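Below: the structure, in structure tokens.
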Amino acid sequence: MIGRRSFFVTTAMAFGFAFLYVPILSMIIYSFNESRLVTVWAGFSTKWYVELFQNPQVLNAAKLSFKIAAINATGAVILGTLAGLALARFRRFKGRTLLTGMTTAPLVMPEVITGLSLLLLFVAMEQWFGWPAGRGVTTITIAHMTFSMAYVTVVIQSRLSTVDESLEEAAMDLGARPAKVFFLITLPIIFPAILAGWLLAFTLSWDDLVIASFVSGPGSSTLPLVIFSKVRLGVSPDINALATIMVTVVAIGIVVAGLYMQRQERQRERDVQAALAGNSP
Amino acid sequence: MVAQGGPSTLFLAGLRGWIRAFGPYRWASDRMKDWGIGGRTLVIGIPYLWLLLFFLVPFIIVFKISLSDVRLGMPPYEPVIQWVDSQVIGIRMNLANYAFLFEDPLYRNAYLNSIKVAAISTLLCLLIGYPLAYGIARTGASWRNLLLLLVMLPFWTSFLLRVYAWIGLLGRNSPFNQLLLSLGIIDQPISLLQTDIAVYIGIVYSYLPFMVLPLYANLEKMDITLLEAAADLGCRPTKAFLTITLPLSMPGIIAGSLLVFIPAVGEFVIPALLGGPDSLMIGRVLWEEFFNNRDWPVASAVAIAMLLLLVVPIMWFQYAQARQVGVHR
């Protein structure tokens, strides 16, 4: 059965992939177009890339977005790992249902609601304690950490639920304290999931427009905010160039991460096999 | 021996020793022991407090502000709880914002239109995504990962730029139009921009991976021998699909549909960039109420009304998600 697909399914797959990739390919092609008119081909040129790299507004926004995304990803991974650990390893505790709800709801919550509610919180907090003073990098980072930690939690939790708990129990029986068990056994095993969670959180923050629009202040324009204000005025060829660069980076990143994870998985299988072979007489 | 210490394990052991020797760490861990706070409490407590403060409390504030009046100044709303003569607490509740939402046909239409657009887009996503997920799940192992990667790649690239790509493809001067013109099928270029069709295309395109991935995860786990048994007993493939594969993939269909439907109801970027001025969706109404009219109380009331609308699908999603994670146990 596997490997035999009907004509209908093959056609539908081809259509699906064409639908996914035609827009991306068209952006890549037209980023090398000489003409300002986006859809009229006037010869090969890299001038939009030159223009892009001479635009200080875009470059500064990209730097700021990178900084926020990196801080956000690190914070979200710490919070998300703790939450995933709590949900996967502690079966019963007070308010477990609420924690489950609060870690799955952000996955589907419309962004306008999250953005508005966080902004109103920040305004209220400023009134009560005077912190955070105004909106800017801090508020964007907190907002991003809150919704991206939910994604990290799901990744970590589903990874932990497939990990054999007997390893941790064995270490515990041999007298290792819980913290030691976590750092020496659990953490190395779930490390690929942590890496995946970090990259996911980074991308979510790097891409976010709606939430950042609510909680950003003057002087904290992230890259999506800059792109949005340019795109609203219509198509501009340097955005095509920017899109091409981003697609290329993501594609390289995904291939590298895929290869790394495949290697890790093979290494783990070899370890398990070696362990089994070593134990049998 | 299982963990024969890779470089990462050694590094972590070293890091841990270094942290232990660090003065403030010892001090903090001693104090925590004095107060009876263990590691377990911290593991649960830190994310718990964070989510309470930044996820739950904000909704209470939104609800509070939805009951207040708009005013000039910063913040642009009247306080709901006031100290009267510093002794009595006066609570000024004001349901006028909600009454306003019900009476004004603009909001009613925006809500109904959002549900319609989200529902149709979800259905289209399912129609395109199901064969895609099914085909990938039935592909040989060596190609499967590559195809999955191809579905994931657009999901990792900027959402905004992917919506933007359609502006060029749907406009008057698009390559499609030029092709159709040169073939003589049409004699006037047609622009789909600023129509509902453009919004559907945008939503389906952006959310397709969210539909394909849960469906794939479900279809991949399916027991193929069931289909073989059906075939052996003389069941035709179409009937086998309808009576076996489709019912078994229901959890995947539900998870994928909710992952598309709920965020699509509140979508702002796609209707703002691809839709016309009259294609009202509730996310866009909230945005304009907030940023253009600066009416925070009405924007809050819109958000609370949207949340009430989505409570049932969100709870359903949580239930499905909990079952999904529980299956692995």
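Residue names in the structure tokens use chain letters A, B, ... in the order shown, residue numbers from 1 in each chain, and ligand numbers from 1 in the order shown.
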Which residues of stretch 118-166 of chain A come within 8 Å of stretch 89-111 of chain A, and what is each one's closest atom pair and distance in Å (one decimal), counting only C-alpha atoms, sorted by chain and residue number, as a Markdown table?
| residue | atom | partner | partner_atom | distance |
| --- | --- | --- | --- | --- |
| A:Phe147 | CA | A:Pro106 | CA | 5.6 |
| A:Met149 | CA | A:Thr103 | CA | 7.8 |
| A:Ala150 | CA | A:Thr103 | CA | 4.8 |
| A:Tyr151 | CA | A:Leu107 | CA | 6.7 |
| A:Thr153 | CA | A:Thr103 | CA | 7.0 |
| A:Val154 | CA | A:Thr104 | CA | 7.9 |
Apply DSSP to the structure's backbone, then extract all residues of stretch 73-237 of chain B labelled helix (DSSP H, G or I) and return them as a PyMOL selection string. chain B and resi 96-103+105-137+141-156+159-170+175-183+196-221+224-232+237
So which one's closest to chain B, A:Ala18, A:Ala69, A:Ala196, A:Val123? Using only C-alpha atoms, please.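 Checking each candidate against chain B, we get A:Val123 as the closest.
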Could you name the residues that touch stretch 282-297 of chain B at 6 Å or less, counting only C-alpha atoms, but leaving out those on the same chain fewer than 2 positions away, as a list in words?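 The residues satisfying every condition are Ile65, Ser66, Ala110, Tyr111, Gly266, Glu267, Phe268, Ala299 and Ser300 of chain B.
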From A:Gln127, A:Thr114, A:Gln157, A:Ser220, residue lying nearest B:Met306 [only C-alpha atoms]: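 Closest residue, counting only C-alpha atoms: A:Thr114.
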For stretch 149-153 of chain B, list every protein, DNA or RNA residue within 7 Å, evaluated using only C-alpha atoms, and leave out those in the same chain fewer than 3 positions away; present the list as a PyMOL selection string. (chain A and resi 251) or (chain B and resi 145-146+156-157+209)
A:Val163, A:Val9, A:Leu223, A:Met261 ranked by distance to chain B, top pick (using only C-alpha atoms):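 Answer, going by the shortest atom-to-atom distance: A:Val9.
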Which residues come within 9 Å of A:Leu121, counting only C-alpha atoms, excluding same-chain residues fewer than 5 positions away, as a PDB file with N, CA, C and O atoms, in the first residue's frame?
ATOM      1  N   LEU A 116      -4.003  43.634  22.093  1.00  0.00           N
ATOM      2  CA  LEU A 116      -4.779  44.640  22.827  1.00  0.00           C
ATOM      3  C   LEU A 116      -4.690  44.390  24.324  1.00  0.00           C
ATOM      4  O   LEU A 116      -4.435  45.312  25.109  1.00  0.00           O
ATOM      5  N   GLU A 126       1.911  50.573  34.263  1.00  0.00           N
ATOM      6  CA  GLU A 126       2.641  51.833  34.329  1.00  0.00           C
ATOM      7  C   GLU A 126       1.950  52.797  35.289  1.00  0.00           C
ATOM      8  O   GLU A 126       2.596  53.498  36.060  1.00  0.00           O
TER       9      GLU A 126
ATOM     10  N   LEU B  53       0.184  36.476  35.094  1.00  0.00           N
ATOM     11  CA  LEU B  53       0.377  37.924  34.991  1.00  0.00           C
ATOM     12  C   LEU B  53       0.191  38.420  33.562  1.00  0.00           C
ATOM     13  O   LEU B  53      -0.459  39.432  33.323  1.00  0.00           O
ATOM     14  N   PHE B  54       0.768  37.695  32.582  1.00  0.00           N
ATOM     15  CA  PHE B  54       0.777  38.238  31.219  1.00  0.00           C
ATOM     16  C   PHE B  54      -0.249  37.624  30.288  1.00  0.00           C
ATOM     17  O   PHE B  54      -0.370  38.028  29.149  1.00  0.00           O
ATOM     18  N   VAL B  57      -4.424  37.923  33.604  1.00  0.00           N
ATOM     19  CA  VAL B  57      -4.760  39.254  34.133  1.00  0.00           C
ATOM     20  C   VAL B  57      -5.126  40.241  33.012  1.00  0.00           C
ATOM     21  O   VAL B  57      -6.089  40.993  33.150  1.00  0.00           O
ATOM     22  N   PRO B  58      -4.396  40.243  31.866  1.00  0.00           N
ATOM     23  CA  PRO B  58      -4.769  41.175  30.799  1.00  0.00           C
ATOM     24  C   PRO B  58      -6.229  41.057  30.369  1.00  0.00           C
ATOM     25  O   PRO B  58      -6.874  42.074  30.082  1.00  0.00           O
ATOM     26  N   PHE B  59      -6.770  39.819  30.356  1.00  0.00           N
ATOM     27  CA  PHE B  59      -8.169  39.683  29.934  1.00  0.00           C
ATOM     28  C   PHE B  59      -9.105  40.346  30.925  1.00  0.00           C
ATOM     29  O   PHE B  59     -10.123  40.922  30.536  1.00  0.00           O
ATOM     30  N   ILE B  61      -8.366  42.941  32.675  1.00  0.00           N
ATOM     31  CA  ILE B  61      -8.255  44.385  32.431  1.00  0.00           C
ATOM     32  C   ILE B  61      -9.051  44.782  31.188  1.00  0.00           C
ATOM     33  O   ILE B  61      -9.753  45.799  31.192  1.00  0.00           O
ATOM     34  N   VAL B  62      -8.968  43.956  30.143  1.00  0.00           N
ATOM     35  CA  VAL B  62      -9.746  44.263  28.935  1.00  0.00           C
ATOM     36  C   VAL B  62     -11.226  44.313  29.278  1.00  0.00           C
ATOM     37  O   VAL B  62     -11.952  45.223  28.859  1.00  0.00           O
TER      38      VAL B  62
END
Can you pull out every residue within 7 Å of B:Leu67, counting only C-alpha atoms, but drop anything in the same chain fewer than 5 positions away, and send it as an MDAnalysis selection string? chainID B and resid 93:95 97 297
Could you save those same residues with all heavy atoms as a PDB file, in the first residue's frame?
ATOM      1  N   MET B  93     -20.340  50.908  36.274  1.00  0.00           N
ATOM      2  CA  MET B  93     -20.409  49.932  35.197  1.00  0.00           C
ATOM      3  C   MET B  93     -21.208  50.524  34.063  1.00  0.00           C
ATOM      4  O   MET B  93     -22.196  51.213  34.272  1.00  0.00           O
ATOM      5  CB  MET B  93     -21.110  48.676  35.683  1.00  0.00           C
ATOM      6  CG  MET B  93     -20.251  47.923  36.643  1.00  0.00           C
ATOM      7  SD  MET B  93     -19.811  46.378  35.952  1.00  0.00           S
ATOM      8  CE  MET B  93     -21.264  45.446  36.250  1.00  0.00           C
ATOM      9  N   ASN B  94     -20.780  50.210  32.908  1.00  0.00           N
ATOM     10  CA  ASN B  94     -21.388  50.845  31.767  1.00  0.00           C
ATOM     11  C   ASN B  94     -21.483  49.807  30.664  1.00  0.00           C
ATOM     12  O   ASN B  94     -20.474  49.396  30.097  1.00  0.00           O
ATOM     13  CB  ASN B  94     -20.482  52.007  31.363  1.00  0.00           C
ATOM     14  CG  ASN B  94     -21.056  52.783  30.221  1.00  0.00           C
ATOM     15  OD1 ASN B  94     -22.052  52.372  29.633  1.00  0.00           O
ATOM     16  ND2 ASN B  94     -20.434  53.896  29.902  1.00  0.00           N
ATOM     17  N   LEU B  95     -22.682  49.358  30.400  1.00  0.00           N
ATOM     18  CA  LEU B  95     -22.837  48.336  29.365  1.00  0.00           C
ATOM     19  C   LEU B  95     -23.127  48.954  28.002  1.00  0.00           C
ATOM     20  O   LEU B  95     -23.426  48.253  27.053  1.00  0.00           O
ATOM     21  CB  LEU B  95     -23.953  47.365  29.752  1.00  0.00           C
ATOM     22  CG  LEU B  95     -23.613  46.488  30.968  1.00  0.00           C
ATOM     23  CD1 LEU B  95     -24.828  45.722  31.433  1.00  0.00           C
ATOM     24  CD2 LEU B  95     -22.492  45.523  30.642  1.00  0.00           C
ATOM     25  N   ASN B  97     -21.244  50.163  25.809  1.00  0.00           N
ATOM     26  CA  ASN B  97     -20.390  49.734  24.700  1.00  0.00           C
ATOM     27  C   ASN B  97     -20.917  48.455  24.054  1.00  0.00           C
ATOM     28  O   ASN B  97     -20.864  48.289  22.839  1.00  0.00           O
ATOM     29  CB  ASN B  97     -18.971  49.489  25.194  1.00  0.00           C
ATOM     30  CG  ASN B  97     -18.326  50.767  25.666  1.00  0.00           C
ATOM     31  OD1 ASN B  97     -18.540  51.819  25.076  1.00  0.00           O
ATOM     32  ND2 ASN B  97     -17.559  50.683  26.738  1.00  0.00           N
ATOM     33  N   PRO B 297     -12.305  51.718  25.003  1.00  0.00           N
ATOM     34  CA  PRO B 297     -13.407  50.923  25.566  1.00  0.00           C
ATOM     35  C   PRO B 297     -14.172  50.126  24.515  1.00  0.00           C
ATOM     36  O   PRO B 297     -14.457  48.950  24.734  1.00  0.00           O
ATOM     37  CB  PRO B 297     -14.292  51.981  26.230  1.00  0.00           C
ATOM     38  CG  PRO B 297     -13.362  53.062  26.602  1.00  0.00           C
ATOM     39  CD  PRO B 297     -12.369  53.113  25.488  1.00  0.00           C
TER      40      PRO B 297
END
Could you tell me which of B:Ala322, B:Val70, B:Ile60, B:Leu308 comes closest to A:Ala124 if we count only C-alpha atoms?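 Of all the options, B:Ile60 lies closest to A:Ala124.
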Skipping near chain neighbours, those fewer than 3 positions away, what residues fall within 9 Å of B:Val269 using only C-alpha atoms, listed as a list in words?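 Returned residues: Leu209, Val210 and Phe228 of chain A; Leu160, Val163, Ala272, Leu273, Leu274, Gly283 and Arg284 of chain B.
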Atom CA of A:Phe44 to atom CA of A:Phe15, straight-line distance in Å: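 Going from atom CA of A:Phe15 over to atom CA of A:Phe44 covers 28.9 Å.
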Please determine, counting only C-alpha atoms, which residue among B:Phe63, B:Phe100, B:Gly171, B:Val212 has the shortest atom-to-atom distance to B:Ile128.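 The shortest atom-to-atom distance to B:Ile128 comes from B:Val212.
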For atom CA of A:Val226 and atom CA of A:Leu59, determine how far apart the two atoms are, in Å to one decimal place. 10.2 Å
Pairwise distance for atom CA of A:Ala61 and atom CA of B:Pro154, rounded to one decimal in Å: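 About the pair atom CA of A:Ala61 and atom CA of B:Pro154: they are 22.1 Å apart.
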